[in-house]
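> Here you go, work-v9.txt (compact mmCIF, C-alpha atoms):
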# COMPACT_ATOMS: atom_id res chain seq x y z
CA MET I 23 -9.75 30.47 23.03
CA GLU I 24 -9.66 29.45 26.68
CA HIS I 25 -11.95 26.44 26.40
CA ILE I 26 -13.05 24.32 23.45
CA ASN I 27 -16.65 25.34 24.14
CA ASP I 28 -15.68 28.85 23.02
CA GLU I 29 -15.41 27.56 19.44
CA ILE I 30 -17.47 24.38 19.68
CA ASP I 31 -19.49 25.07 16.52
CA PHE I 32 -16.33 25.65 14.50
CA LEU I 33 -14.61 22.55 15.93
CA THR I 34 -17.72 20.46 15.32
CA SER I 35 -17.70 21.58 11.70
CA ILE I 36 -14.06 20.52 11.35
CA VAL I 37 -14.67 17.10 12.92
CA LYS I 38 -17.66 16.38 10.71
CA GLY I 39 -15.94 17.72 7.62
CA ILE I 40 -12.91 15.45 8.05
CA SER I 41 -15.09 12.38 8.62
CA LYS I 42 -17.19 13.15 5.54
CA GLN I 43 -14.11 13.71 3.43
CA PHE I 44 -12.45 10.39 4.31
CA GLY I 45 -15.49 8.20 4.78
CA SER I 46 -16.83 5.59 7.14
CA GLN I 47 -13.44 4.09 8.09
CA CYS I 48 -12.18 7.42 9.43
CA GLU I 49 -12.85 8.11 13.09
CA VAL I 50 -12.54 11.77 14.13
CA VAL I 51 -12.56 12.71 17.80
CA LEU I 52 -12.69 15.98 19.72
CA LEU I 53 -11.39 15.72 23.27
CA ASP I 54 -11.65 18.15 26.14
CA LEU I 55 -8.33 18.04 28.00
CA THR I 56 -9.47 20.37 30.78
CA GLN I 57 -11.35 17.46 32.34
CA TYR I 58 -8.09 15.90 33.48
CA GLU I 59 -8.49 16.83 37.15
CA GLN I 60 -11.99 15.36 37.35
CA TYR I 61 -11.69 12.31 35.11
CA GLY I 62 -7.95 11.61 35.11
CA SER I 63 -7.73 11.96 31.34
CA GLY I 64 -9.10 13.84 28.38
CA LEU I 65 -12.81 13.40 27.74
CA ILE I 66 -14.42 12.72 24.37
CA VAL I 67 -17.01 15.42 23.70
CA LEU I 68 -17.59 14.68 20.02
CA ILE I 69 -16.86 11.63 17.89
CA GLU I 70 -17.66 10.59 14.32
CA ASN I 71 -17.49 6.91 13.26
CA GLY I 72 -16.66 5.85 16.79
CA TYR I 73 -17.08 2.18 15.86
CA VAL I 74 -13.55 2.31 14.45
CA THR I 75 -12.11 2.19 17.98
CA GLY I 76 -15.34 1.28 19.79
CA ARG I 77 -15.49 4.57 21.71
CA LYS I 78 -18.28 7.05 22.34
CA VAL I 79 -18.91 10.48 23.81
CA GLY I 80 -17.94 10.46 27.48
CA ASP I 81 -15.11 7.94 27.06
CA SER I 82 -11.52 8.84 27.90
CA GLY I 83 -8.65 9.80 25.68
CA THR I 84 -5.43 7.86 25.12
CA ASN I 85 -2.05 7.70 26.82
CA ILE I 86 -0.59 10.24 24.39
CA GLY I 87 -2.93 12.92 25.73
CA LEU I 88 -1.79 12.13 29.26
CA GLU I 89 1.84 12.53 28.24
CA VAL I 90 1.11 15.98 26.82
CA LEU I 91 -0.80 17.04 29.93
CA ARG I 92 1.97 15.72 32.16
CA GLY I 93 4.57 17.58 30.13
CA THR I 94 6.45 14.41 29.25
CA ASN I 95 5.65 14.87 25.59
CA ARG I 96 6.61 18.38 24.54
CA GLU I 97 6.68 17.74 20.81
CA GLY I 98 3.02 18.65 20.42
CA ASP I 99 1.08 17.50 17.39
CA LYS I 100 1.75 14.04 16.03
CA HIS I 101 1.00 13.16 12.41
CA ASN I 102 0.66 9.96 10.47
CA TYR I 103 1.61 7.36 13.08
CA LEU I 104 0.48 3.75 13.34
CA THR I 105 -1.87 2.57 16.09
CA LYS I 106 -3.75 -0.63 16.83
CA THR I 107 -7.21 -1.30 18.24
CA LYS I 108 -7.96 -3.88 20.94
CA ASP I 109 -9.34 -6.25 18.31
CA GLY I 110 -6.19 -6.01 16.19
CA ARG I 111 -7.18 -3.55 13.45
CA MET I 112 -4.45 -1.21 12.23
CA LEU I 113 -5.03 2.56 12.19
CA ARG I 114 -3.22 5.47 10.64
CA SER I 115 -3.52 8.27 13.18
CA SER I 116 -2.85 11.95 13.74
CA THR I 117 -3.40 14.13 16.82
CA MET I 118 -3.56 17.95 16.74
CA TYR I 119 -3.68 19.91 20.01
CA ILE I 120 -5.74 22.99 20.74
CA ARG I 121 -4.06 25.42 23.14
CA ASN I 122 -5.24 28.42 25.14
CA SER I 123 -3.66 31.88 25.23
CA LYS I 124 -0.98 30.59 27.62
CA GLY I 125 -0.02 27.73 25.30
CA ASN I 126 -1.50 25.06 27.53
CA PRO I 127 -3.35 22.15 25.84
CA ILE I 128 -7.11 22.43 26.35
CA GLY I 129 -8.27 19.96 23.74
CA CYS I 130 -7.29 17.95 20.70
CA ILE I 131 -8.64 16.58 17.46
CA CYS I 132 -7.68 12.98 16.72
CA ILE I 133 -7.99 11.25 13.35
CA ASN I 134 -7.89 7.44 13.22
CA PHE I 135 -8.20 5.88 9.78
CA ASP I 136 -8.71 2.11 9.63
CA ILE I 137 -6.22 0.79 7.06
CA THR I 138 -6.68 -2.89 7.91
CA SER I 139 -8.49 -3.71 4.67
CA PHE I 140 -5.86 -1.85 2.65
CA MET I 141 -3.07 -3.83 4.34
CA MET I 142 -4.89 -7.09 3.65
CA ALA I 143 -5.37 -6.07 0.02
CA GLU I 144 -1.70 -5.15 -0.23
CA THR I 145 -0.73 -8.58 1.09
CA ALA I 146 -3.03 -10.28 -1.42
CA ILE I 147 -1.66 -8.20 -4.29
CA LYS I 148 1.93 -8.95 -3.30
CA GLU I 149 1.15 -12.66 -3.59
CA PHE I 150 0.63 -12.06 -7.30
CA THR I 151 3.24 -9.35 -7.94
CA ASP I 152 6.20 -10.39 -5.77
CA LEU I 153 8.87 -11.14 -8.37
CA ASN I 154 10.82 -13.17 -5.81
CA LYS I 155 8.01 -15.74 -5.96
CA ILE I 156 7.58 -15.63 -9.73
CA ASN I 157 9.61 -17.63 -12.21
CA THR I 158 11.13 -14.89 -14.39
CA ASP I 159 13.30 -17.31 -16.40
CA VAL I 160 10.43 -18.21 -18.72
CA LYS I 161 10.10 -15.75 -21.60
CA GLU I 162 6.75 -15.97 -23.35
CA VAL I 163 5.59 -13.42 -25.91
CA PHE I 164 2.11 -12.86 -27.28
CA VAL I 165 1.89 -11.99 -30.96
CA ASN I 166 -0.58 -12.11 -33.84
CA ASN I 167 1.36 -14.38 -36.18
CA VAL I 168 4.23 -16.83 -36.07
CA ASN I 169 6.55 -14.59 -38.09
CA ASP I 170 6.54 -12.13 -35.20
CA VAL I 171 7.65 -14.98 -32.95
CA LEU I 172 10.56 -15.71 -35.30
CA ALA I 173 11.60 -12.05 -35.32
CA ILE I 174 11.64 -12.01 -31.53
CA LEU I 175 13.65 -15.26 -31.37
CA ILE I 176 16.20 -13.88 -33.81
CA GLN I 177 16.61 -10.78 -31.67
CA GLU I 178 17.00 -12.97 -28.57
CA ALA I 179 19.66 -14.99 -30.40
CA GLN I 180 21.66 -11.83 -31.07
CA ASN I 181 21.30 -10.81 -27.42
CA HIS I 182 22.46 -14.29 -26.46
CA VAL I 183 25.61 -13.92 -28.58
CA ASP I 184 25.94 -10.33 -27.40
CA LYS I 185 27.36 -9.05 -30.69
CA PRO I 186 25.96 -7.40 -33.79
CA VAL I 187 25.90 -9.73 -36.79
CA ALA I 188 28.60 -7.72 -38.59
CA HIS I 189 31.08 -8.61 -35.82
CA MET I 190 30.10 -12.25 -35.37
CA THR I 191 32.60 -14.99 -36.09
CA LYS I 192 31.64 -18.42 -37.38
CA GLU I 193 31.52 -19.65 -33.79
CA ASP I 194 29.29 -16.73 -32.79
CA LYS I 195 26.85 -17.49 -35.58
CA MET I 196 26.79 -21.16 -34.63
CA LYS I 197 26.06 -20.12 -31.06
CA GLY I 198 23.14 -18.02 -32.27
CA ILE I 199 21.82 -20.80 -34.50
CA LYS I 200 22.12 -23.27 -31.65
CA TYR I 201 20.03 -20.93 -29.51
CA LEU I 202 17.39 -20.65 -32.23
CA ASP I 203 17.31 -24.42 -32.68
CA GLN I 204 16.79 -24.98 -28.96
CA LYS I 205 13.96 -22.45 -28.97
CA GLY I 206 12.21 -24.29 -31.82
CA ALA I 207 12.72 -21.56 -34.41
CA PHE I 208 13.30 -24.06 -37.22
CA LEU I 209 9.83 -25.53 -36.67
CA ILE I 210 8.44 -22.32 -38.14
CA GLN I 211 7.72 -22.62 -41.85
CA LYS I 212 10.36 -20.97 -44.07
CA SER I 213 12.28 -19.81 -41.02
CA GLY I 214 15.55 -20.90 -42.64
CA ASP I 215 15.30 -18.17 -45.29
CA LYS I 216 14.96 -15.40 -42.74
CA ILE I 217 17.65 -16.81 -40.48
CA CYS I 218 20.06 -17.10 -43.41
CA GLU I 219 19.32 -13.53 -44.39
CA TYR I 220 19.82 -12.30 -40.84
CA PHE I 221 23.16 -14.05 -40.31
CA SER I 222 24.30 -13.39 -43.92
CA ILE I 223 24.92 -17.06 -44.66
CA SER I 224 23.76 -19.47 -47.33
CA LYS I 225 21.34 -22.30 -46.75
CA TYR I 226 24.16 -24.75 -47.27
CA THR I 227 26.13 -23.05 -44.48
CA LEU I 228 23.06 -22.95 -42.25
CA TYR I 229 22.52 -26.70 -42.60
CA ASN I 230 26.20 -27.36 -41.91
CA TYR I 231 26.03 -25.23 -38.78
CA LEU I 232 22.82 -26.97 -37.69
CA ASP I 233 24.32 -30.38 -38.34
CA THR I 234 27.35 -29.48 -36.26
CA VAL I 235 25.46 -28.10 -33.24
CA ARG I 236 22.98 -30.95 -33.26
CA ASN I 237 25.72 -33.58 -33.49
CA GLU I 238 27.39 -31.93 -30.52
CA GLN I 239 24.17 -32.52 -28.59
CA GLY I 240 23.77 -36.03 -30.00
CA GLN I 241 20.63 -35.10 -31.93
CA GLY I 242 21.75 -35.22 -35.57
CA MET I 243 19.83 -33.74 -38.45
Take the structure in the file and write it out as structure tokens.

Amino acid sequence: MEHINDEIDFLTSIVKGISKQFGSQCEVVLLDLTQYEQYGSGLIVLIENGYVTGRKVGDSGTNIGLEVLRGTNREGDKHNYLTKTKDGRMLRSSTMYIRNSKGNPIGCICINFDITSFMMAETAIKEFTDLNKINTDVKEVFVNNVNDVLAILIQEAQNHVDKPVAHMTKEDKMKGIKYLDQKGAFLIQKSGDKICEYFSISKYTLYNYLDTVRNEQGQGM
């Protein structure tokens, strides 16, 4: 191919196919770079969804095309880079060059996808999901009955002591019972029976432990 007109039907099909695939926020442009001498830049010969950048057929290309023509940019194709329109919208862009038999650039296909709405949505979502802005100290569980709440509190008490019951000392068990008391576990009907069973203590011992930890906090029984 010595000029893009040699394969214009094929290139047109590619441009339209890409725009259809990615939708109305995806601008796809075909530029003729052989018009540099006459127009001082590449020339848009085909464009789909041109409202993304506000351009139309006959408008010029960008500075990147000039760098390639000048030879300053020898890297060739550029993929997935960020650009910005004059009105501040953010685009995700790619540019692929078409070269003749001598390897000289004669045209390019540019893809500019408007990601502004996605970035705004991401910002809005982060307002709700950013754990740095959320109080993670509060532990609330949703269950079907209060006995499930007690079971969870008992497990939290063991995690708080950081020992299995079989290895807990008297002080460890009092620490666990203190935790349960502060969490309101003893407000649950018949919770004492299950707590006694879990810590392998009698009710008499449980009440002694409770009396002790509450007196330490100035609450009493």
> Could you check which of I:Leu53, I:Ile210, I:Val168, I:Leu202 is closest to His182 of chain I, using all atoms listed in the file?
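That would be I:Leu202, the residue with the smallest distance to His182 of chain I.
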> Report the distance between atom CA of Val183 of chain I and atom CA of Lys155 of chain I in Å, rounded to one decimal place.
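Taking atom CA of Val183 of chain I as the start and atom CA of Lys155 of chain I as the end point, the length is 28.7 Å.
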> Can you work out which one of I:Ile36, I:Val74, I:Met142, I:Ile69 has the shortest atom-to-atom distance to Arg114 of chain I, counting all atoms listed in the file?
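Checking each candidate against Arg114 of chain I, we get I:Val74 as the closest.
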> From the options I:Asp215, I:Glu70, I:Thr117, I:Ile40, which residue's atoms come nearest to Gly129 of chain I, counting only C-alpha atoms?
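The shortest atom-to-atom distance to Gly129 of chain I comes from I:Thr117.
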> For the atom pair atom CA of Asn166 of chain I and atom CA of Lys185 of chain I, what is the interatomic distance in Å to one decimal place?
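So the answer is 28.3 Å.
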> Set the distance at 9 Å and use only C-alpha atoms: which residues neighbour Leu104 of chain I once local chain neighbours fewer than 2 positions away are removed? I'd like the list as a ChimeraX atom specification.
/I:102,106,112-116
> Would you list the residues near (9.7, -21.8, -38.4) (no more than 10 Å away, in the coordinates of the file, using all atoms listed in the file) as an MDAnalysis selection string?
chainID I and resid 168:169 171:172 202:203 206:217
> Name the residues in contact with Val50 of chain I at a cut-off of 12 Å, using all atoms listed in the file, excluding same-chain residues fewer than 2 positions from it; report them as a ChimeraX atom specification.
/I:33-48,52-53,66-75,77-79,114-118,130-136
> Please tell me which residues are no farther than 12 Å from (21.1, -30.1, -34.6) in the file, counting all atoms listed in the file, and write them as a PDB file with C-alpha atoms, in the frame of the given file.

ATOM      1  CA  MET I 196      26.790 -21.160 -34.630  1.00  0.00           C
ATOM      2  CA  LYS I 197      26.060 -20.120 -31.060  1.00  0.00           C
ATOM      3  CA  ILE I 199      21.820 -20.800 -34.500  1.00  0.00           C
ATOM      4  CA  LYS I 200      22.120 -23.270 -31.650  1.00  0.00           C
ATOM      5  CA  TYR I 201      20.030 -20.930 -29.510  1.00  0.00           C
ATOM      6  CA  LEU I 202      17.390 -20.650 -32.230  1.00  0.00           C
ATOM      7  CA  ASP I 203      17.310 -24.420 -32.680  1.00  0.00           C
ATOM      8  CA  GLN I 204      16.790 -24.980 -28.960  1.00  0.00           C
ATOM      9  CA  LYS I 205      13.960 -22.450 -28.970  1.00  0.00           C
ATOM     10  CA  GLY I 206      12.210 -24.290 -31.820  1.00  0.00           C
ATOM     11  CA  ALA I 207      12.720 -21.560 -34.410  1.00  0.00           C
ATOM     12  CA  PHE I 208      13.300 -24.060 -37.220  1.00  0.00           C
ATOM     13  CA  LEU I 228      23.060 -22.950 -42.250  1.00  0.00           C
ATOM     14  CA  TYR I 229      22.520 -26.700 -42.600  1.00  0.00           C
ATOM     15  CA  ASN I 230      26.200 -27.360 -41.910  1.00  0.00           C
ATOM     16  CA  TYR I 231      26.030 -25.230 -38.780  1.00  0.00           C
ATOM     17  CA  LEU I 232      22.820 -26.970 -37.690  1.00  0.00           C
ATOM     18  CA  ASP I 233      24.320 -30.380 -38.340  1.00  0.00           C
ATOM     19  CA  THR I 234      27.350 -29.480 -36.260  1.00  0.00           C
ATOM     20  CA  VAL I 235      25.460 -28.100 -33.240  1.00  0.00           C
ATOM     21  CA  ARG I 236      22.980 -30.950 -33.260  1.00  0.00           C
ATOM     22  CA  ASN I 237      25.720 -33.580 -33.490  1.00  0.00           C
ATOM     23  CA  GLU I 238      27.390 -31.930 -30.520  1.00  0.00           C
ATOM     24  CA  GLN I 239      24.170 -32.520 -28.590  1.00  0.00           C
ATOM     25  CA  GLY I 240      23.770 -36.030 -30.000  1.00  0.00           C
ATOM     26  CA  GLN I 241      20.630 -35.100 -31.930  1.00  0.00           C
ATOM     27  CA  GLY I 242      21.750 -35.220 -35.570  1.00  0.00           C
ATOM     28  CA  MET I 243      19.830 -33.740 -38.450  1.00  0.00           C
TER      29      MET I 243
END
> Please report the interatomic distance between atom CA of Asp54 of chain I and atom CA of Ser123 of chain I in Å with one decimal.
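A separation of 15.9 Å between them.
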> Which one is closest to Lys192 of chain I: I:Phe221, I:Thr145, I:His101, I:Gln57? Count all atoms listed in the file.
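Distance minimum relative to Lys192 of chain I lands on I:Phe221.
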> Starting from the sparse input, extend segment 119-149 of chain I to N, CA and C atoms and give the output as a PDB file, keeping the file's coordinate frame.

ATOM      1  N   TYR I 119      -3.269  19.333  18.724  1.00  0.00           N
ATOM      2  CA  TYR I 119      -3.680  19.910  20.010  1.00  0.00           C
ATOM      3  C   TYR I 119      -4.193  21.341  19.847  1.00  0.00           C
ATOM      4  N   ILE I 120      -5.172  21.639  20.670  1.00  0.00           N
ATOM      5  CA  ILE I 120      -5.740  22.990  20.740  1.00  0.00           C
ATOM      6  C   ILE I 120      -5.248  23.605  22.042  1.00  0.00           C
ATOM      7  N   ARG I 121      -4.673  24.804  21.959  1.00  0.00           N
ATOM      8  CA  ARG I 121      -4.060  25.420  23.140  1.00  0.00           C
ATOM      9  C   ARG I 121      -4.722  26.772  23.448  1.00  0.00           C
ATOM     10  N   ASN I 122      -4.676  27.126  24.716  1.00  0.00           N
ATOM     11  CA  ASN I 122      -5.240  28.420  25.140  1.00  0.00           C
ATOM     12  C   ASN I 122      -4.212  29.525  24.945  1.00  0.00           C
ATOM     13  N   SER I 123      -4.541  30.713  25.418  1.00  0.00           N
ATOM     14  CA  SER I 123      -3.660  31.880  25.230  1.00  0.00           C
ATOM     15  C   SER I 123      -2.316  31.720  25.924  1.00  0.00           C
ATOM     16  N   LYS I 124      -2.243  30.829  26.903  1.00  0.00           N
ATOM     17  CA  LYS I 124      -0.980  30.590  27.620  1.00  0.00           C
ATOM     18  C   LYS I 124      -0.171  29.456  26.992  1.00  0.00           C
ATOM     19  N   GLY I 125      -0.723  28.831  25.956  1.00  0.00           N
ATOM     20  CA  GLY I 125      -0.020  27.730  25.300  1.00  0.00           C
ATOM     21  C   GLY I 125      -0.261  26.381  25.933  1.00  0.00           C
ATOM     22  N   ASN I 126      -1.194  26.324  26.883  1.00  0.00           N
ATOM     23  CA  ASN I 126      -1.500  25.060  27.530  1.00  0.00           C
ATOM     24  C   ASN I 126      -2.540  24.287  26.720  1.00  0.00           C
ATOM     25  N   PRO I 127      -2.393  22.959  26.617  1.00  0.00           N
ATOM     26  CA  PRO I 127      -3.350  22.150  25.840  1.00  0.00           C
ATOM     27  C   PRO I 127      -4.716  22.114  26.531  1.00  0.00           C
ATOM     28  N   ILE I 128      -5.754  22.465  25.792  1.00  0.00           N
ATOM     29  CA  ILE I 128      -7.110  22.430  26.350  1.00  0.00           C
ATOM     30  C   ILE I 128      -7.993  21.419  25.595  1.00  0.00           C
ATOM     31  N   GLY I 129      -7.511  20.933  24.505  1.00  0.00           N
ATOM     32  CA  GLY I 129      -8.270  19.960  23.740  1.00  0.00           C
ATOM     33  C   GLY I 129      -7.434  19.419  22.591  1.00  0.00           C
ATOM     34  N   CYS I 130      -7.994  18.467  21.867  1.00  0.00           N
ATOM     35  CA  CYS I 130      -7.290  17.950  20.700  1.00  0.00           C
ATOM     36  C   CYS I 130      -8.281  17.303  19.741  1.00  0.00           C
ATOM     37  N   ILE I 131      -7.888  17.282  18.486  1.00  0.00           N
ATOM     38  CA  ILE I 131      -8.640  16.580  17.460  1.00  0.00           C
ATOM     39  C   ILE I 131      -7.792  15.384  17.029  1.00  0.00           C
ATOM     40  N   CYS I 132      -8.389  14.204  17.082  1.00  0.00           N
ATOM     41  CA  CYS I 132      -7.680  12.980  16.720  1.00  0.00           C
ATOM     42  C   CYS I 132      -8.331  12.349  15.492  1.00  0.00           C
ATOM     43  N   ILE I 133      -7.517  11.921  14.563  1.00  0.00           N
ATOM     44  CA  ILE I 133      -7.990  11.250  13.350  1.00  0.00           C
ATOM     45  C   ILE I 133      -7.424   9.832  13.349  1.00  0.00           C
ATOM     46  N   ASN I 134      -8.305   8.851  13.241  1.00  0.00           N
ATOM     47  CA  ASN I 134      -7.890   7.440  13.220  1.00  0.00           C
ATOM     48  C   ASN I 134      -8.515   6.763  12.000  1.00  0.00           C
ATOM     49  N   PHE I 135      -7.691   6.476  11.020  1.00  0.00           N
ATOM     50  CA  PHE I 135      -8.200   5.880   9.780  1.00  0.00           C
ATOM     51  C   PHE I 135      -7.862   4.392   9.758  1.00  0.00           C
ATOM     52  N   ASP I 136      -8.885   3.570   9.629  1.00  0.00           N
ATOM     53  CA  ASP I 136      -8.710   2.110   9.630  1.00  0.00           C
ATOM     54  C   ASP I 136      -8.138   1.666   8.287  1.00  0.00           C
ATOM     55  N   ILE I 137      -6.884   1.219   8.302  1.00  0.00           N
ATOM     56  CA  ILE I 137      -6.220   0.790   7.060  1.00  0.00           C
ATOM     57  C   ILE I 137      -6.085  -0.727   6.987  1.00  0.00           C
ATOM     58  N   THR I 138      -6.796  -1.436   7.867  1.00  0.00           N
ATOM     59  CA  THR I 138      -6.680  -2.890   7.910  1.00  0.00           C
ATOM     60  C   THR I 138      -6.996  -3.527   6.563  1.00  0.00           C
ATOM     61  N   SER I 139      -8.103  -3.110   5.954  1.00  0.00           N
ATOM     62  CA  SER I 139      -8.490  -3.710   4.670  1.00  0.00           C
ATOM     63  C   SER I 139      -7.479  -3.399   3.577  1.00  0.00           C
ATOM     64  N   PHE I 140      -6.881  -2.202   3.634  1.00  0.00           N
ATOM     65  CA  PHE I 140      -5.860  -1.850   2.650  1.00  0.00           C
ATOM     66  C   PHE I 140      -4.617  -2.730   2.821  1.00  0.00           C
ATOM     67  N   MET I 141      -4.240  -2.984   4.072  1.00  0.00           N
ATOM     68  CA  MET I 141      -3.070  -3.830   4.340  1.00  0.00           C
ATOM     69  C   MET I 141      -3.329  -5.255   3.889  1.00  0.00           C
ATOM     70  N   MET I 142      -4.557  -5.740   4.098  1.00  0.00           N
ATOM     71  CA  MET I 142      -4.890  -7.090   3.650  1.00  0.00           C
ATOM     72  C   MET I 142      -4.876  -7.169   2.125  1.00  0.00           C
ATOM     73  N   ALA I 143      -5.385  -6.111   1.480  1.00  0.00           N
ATOM     74  CA  ALA I 143      -5.370  -6.070   0.020  1.00  0.00           C
ATOM     75  C   ALA I 143      -3.943  -6.017  -0.507  1.00  0.00           C
ATOM     76  N   GLU I 144      -3.102  -5.250   0.176  1.00  0.00           N
ATOM     77  CA  GLU I 144      -1.700  -5.150  -0.230  1.00  0.00           C
ATOM     78  C   GLU I 144      -1.018  -6.516  -0.149  1.00  0.00           C
ATOM     79  N   THR I 145      -1.307  -7.244   0.930  1.00  0.00           N
ATOM     80  CA  THR I 145      -0.730  -8.580   1.090  1.00  0.00           C
ATOM     81  C   THR I 145      -1.186  -9.514  -0.026  1.00  0.00           C
ATOM     82  N   ALA I 146      -2.489  -9.432  -0.351  1.00  0.00           N
ATOM     83  CA  ALA I 146      -3.030 -10.280  -1.420  1.00  0.00           C
ATOM     84  C   ALA I 146      -2.412  -9.929  -2.758  1.00  0.00           C
ATOM     85  N   ILE I 147      -2.251  -8.638  -3.019  1.00  0.00           N
ATOM     86  CA  ILE I 147      -1.660  -8.200  -4.290  1.00  0.00           C
ATOM     87  C   ILE I 147      -0.207  -8.650  -4.393  1.00  0.00           C
ATOM     88  N   LYS I 148       0.525  -8.553  -3.287  1.00  0.00           N
ATOM     89  CA  LYS I 148       1.930  -8.950  -3.300  1.00  0.00           C
ATOM     90  C   LYS I 148       2.107 -10.437  -3.623  1.00  0.00           C
ATOM     91  N   GLU I 149       1.094 -11.242  -3.260  1.00  0.00           N
ATOM     92  CA  GLU I 149       1.150 -12.660  -3.590  1.00  0.00           C
ATOM     93  C   GLU I 149       1.231 -12.866  -5.098  1.00  0.00           C
TER      94      GLU I 149
END
